[in-house]
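Data block below; observations after.
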Amino acid sequence: MNREHSKRNKTITVSAAEARELGPGILSPQDIAGGLSFADTLINGDISEVAAMLPDGFADLIIADPPYNLSKRFGATGFTAMPQEQYEAYLRTWFHLVCSKLKPDGSLYLCGDWKCSSSLQRVMEDELTVLNRITWQREKGRGASANWKNGMEDIWFGVKDPRHYWFDLEAVKMKRRVLAPYRENGIPKDWEETECGQFRMTCPSNFWDDISVPFWSMPENTEHPAQKPEKLMAKLILASCPPGGVVFDPFAGSGSACVTAKKLGRRYVGVEIDRGYCLLAAKRLRMADTDKRIQGYEDGVFKDRNMR
């Protein structure tokens with residue numbers, strides 16, 4: 001996991017010495033067989049095995065970011081693209097188990113791209129009430145010579161009980177520039193004037209164009225090929241997990257959901273099959289002890305992309 005980088009490259013790596021230090025804090029499935037303490041937990045294992053060992057109904061929020069239906073390497077493991085019906089069957093091998101960990105008033109977000117999005121919706125509807133589909137602009141990526149460049153990903157939002165679930169709208173309002181400010185009796189109407197310009201706090205929509213995918217100069221960046229930004233995770237967590245609640249990530253990767261939960265005063269349970277990514281997550285969690293910053297989120301406000 002440890003590579004040489006230029007001084008400007010902030011990509012997080014784990015040295016051999018750090019791996020020895022961090023390793024004991026990462027649990028195995030055998031460690032939790034006798035019960036699980038929710039004082040924040042990172043588990044190295046396959047979710048299909050680990051989920052059966054976790055108690056039902058413990059999570060306020062589940063953020064599931066499984067392998068998309070693409071052929072891709074993930075550290076020491078990998079995933080091979082398959083026919084749609086087979087991919088849906090794969091999703092169903094773990095989705096019911098994962099949903100059983102959700103509290104009666106809990107929420108679940110399921111991530112995917114355009115190619116697997118319809119499968120995610122069908123599988124989610126077997127277990128939950130789907131309330132929305134978020135589409136976020138993923139500006140990073142290669143072009144395509146004979147097709148449109150894929151610049152979007154989806155996040156399906158579902159709940160157990162559509163009449164009773166946590167959603168904190170005020171916590172996720174957006175600070176937007178006002179290009180055509182309107183005044184009433186000379187006073188700004190629904191906007192404020194600051195030294196940096198004119199802004200309005202607006203309700204968030206299900207299209208997010210303010211997310212920056214982690215890259216080498218960002219301090220949250222790792223070498224995980226499908227790392228989700230902390231800012232994206234912060235939106236989901238602040239909206240759908242009460243302070244002090246538990247965030248469960250069954251495909252933790254390099255730890256973005258767990259790290260963001262910790263920074264925002266929530267507890268976390270993360271499961272990741274790849275040992276190297278567990279070590280990256282463990283290092284990021286340790287870094288979060290002293291650094292609570294989330295790029296693009298400051299003083300309780302989500303800012304536009306690249307806005308200081």
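Letters A, B, ... mark the chains of the structure tokens in the order given; residue numbers begin at 1 per chain; ligand numbers begin at 1, in order shown.
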So that I can see what lies close to stretch 133-143 of chain A, please list as a ChimeraX atom specification the residues with an atom at most 12 Å from it, counting only C-alpha atoms and leaving out residues fewer than 5 positions away in the same chain.
/A:108-114,117-118,120-121,124,148-158,204-215,225-229,231-233,235-236,305
Please identify all polymer residues within 9 Å of A:Val98, counting only C-alpha atoms, omitting same-chain residues fewer than 5 positions from it, and present them as a VMD selection string.
chain A and resid 47 to 48 51 to 52 56 62 64 250
Only N, CA and C atoms, please: the residues just picked out, written as a PDB file, in the first residue's frame.
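Done, and the output landed in again_1.pdb:
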```
ATOM      1  N   ILE A  47     -19.199  -9.425   3.441  1.00  0.00           N
ATOM      2  CA  ILE A  47     -20.477  -9.040   4.028  1.00  0.00           C
ATOM      3  C   ILE A  47     -21.464 -10.201   4.053  1.00  0.00           C
ATOM      4  N   SER A  48     -21.389 -11.117   3.093  1.00  0.00           N
ATOM      5  CA  SER A  48     -22.300 -12.265   3.070  1.00  0.00           C
ATOM      6  C   SER A  48     -22.104 -13.138   4.299  1.00  0.00           C
ATOM      7  N   ALA A  51     -22.662 -10.329   7.841  1.00  0.00           N
ATOM      8  CA  ALA A  51     -24.002  -9.810   8.129  1.00  0.00           C
ATOM      9  C   ALA A  51     -24.779 -10.731   9.051  1.00  0.00           C
ATOM     10  N   ALA A  52     -24.607 -12.030   8.879  1.00  0.00           N
ATOM     11  CA  ALA A  52     -25.341 -12.979   9.714  1.00  0.00           C
ATOM     12  C   ALA A  52     -24.909 -12.905  11.177  1.00  0.00           C
ATOM     13  N   ASP A  56     -29.753  -7.672  14.360  1.00  0.00           N
ATOM     14  CA  ASP A  56     -30.750  -6.992  13.532  1.00  0.00           C
ATOM     15  C   ASP A  56     -31.131  -5.657  14.170  1.00  0.00           C
ATOM     16  N   ILE A  62     -27.880   3.037   6.584  1.00  0.00           N
ATOM     17  CA  ILE A  62     -27.000   2.142   5.836  1.00  0.00           C
ATOM     18  C   ILE A  62     -26.638   2.821   4.522  1.00  0.00           C
ATOM     19  N   ALA A  64     -24.752   1.664   1.242  1.00  0.00           N
ATOM     20  CA  ALA A  64     -24.202   0.484   0.563  1.00  0.00           C
ATOM     21  C   ALA A  64     -23.666   0.898  -0.806  1.00  0.00           C
ATOM     22  N   PRO A 250     -21.653  -1.684   4.531  1.00  0.00           N
ATOM     23  CA  PRO A 250     -21.286  -3.083   4.288  1.00  0.00           C
ATOM     24  C   PRO A 250     -20.197  -3.282   3.244  1.00  0.00           C
TER      25      PRO A 250
END
```
What's the separation between atom CA of A:Glu88 and atom CA of A:Asp249, in Å to one decimal place?
19.6 Å
Return as a VMD selection string the full set of residues in stretch 111-146 of chain A whose backbone-based DSSP assignment is strand (DSSP E).
chain A and resid 111 to 112 129 to 137
Mind writing the picked residues with C-alpha atoms as a CSV table (one decimal), in the first residue's frame?
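Below is the file that was written, out.csv:
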```csv
chain,number,residue,atom,x,y,z
A,111,CYS,CA,-25.0,3.4,-4.9
A,112,GLY,CA,-24.5,2.5,-8.6
A,129,THR,CA,-40.1,1.9,0.0
A,130,VAL,CA,-38.1,3.8,-2.6
A,131,LEU,CA,-38.4,7.6,-1.9
A,132,ASN,CA,-36.0,9.0,-4.5
A,133,ARG,CA,-33.1,8.6,-6.8
A,134,ILE,CA,-30.2,11.0,-6.4
A,135,THR,CA,-28.0,11.6,-9.4
A,136,TRP,CA,-24.6,13.2,-8.7
A,137,GLN,CA,-22.2,14.6,-11.3
```
Counting only C-alpha atoms, which of A:Val246, A:Ala252, A:Ala89, A:Leu128 gets nearest to A:Val159?
A:Leu128
Might you pull out every residue within 12 Å of A:Glu298, with only C-alpha atoms counted and same-chain residues fewer than 2 positions away left off, and present them as a list in words?
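Here the answer would be Ala171, Val172, Met174, Lys175, Lys231, Ala234, Leu264, Lys292, Arg293, Ile294, Gln295, Gly296, Gly300, Val301, Phe302, Lys303, Asp304, Met307 and Arg308 of chain A.
Here atom CA of A:Ala239 stands at a distance of 13.3 Å from atom CA of A:Gly265.
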Distance criterion (only C-alpha atoms): nearest to A:Phe95 out of A:Phe79, A:Phe167, A:Phe251, A:Phe58:
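Of A:Phe79, A:Phe167, A:Phe251, A:Phe58, the one nearest A:Phe95 is A:Phe251, counting only C-alpha atoms.
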Rounded to one decimal, what separation in Å do you get between atom CA of A:Gln86 and atom CA of A:Ser100?
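Between atom CA of A:Gln86 and atom CA of A:Ser100 the gap works out to 22.6 Å.
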Which of these residues is nearest to A:Gly75, using only C-alpha atoms: A:Ser15, A:Ser119, A:Ser254, A:Gln30?
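Closest candidate: A:Ser254.
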Which polymer residues have any atom within 8 Å of an atom of A:Gly45, counting only C-alpha atoms, with same-chain residues fewer than 5 positions away left out, as JSON, numbers by chain?
{"A": [28, 29, 50, 271, 272, 273, 274]}
As a PyMOL selection string, please: the residues near A:Val247 (cut-off 10 Å, only C-alpha atoms, same-chain neighbours under 5 positions excluded).
chain A and resi 40+58-63+102+107-108+237+240-242+257-258+260-262+266-270
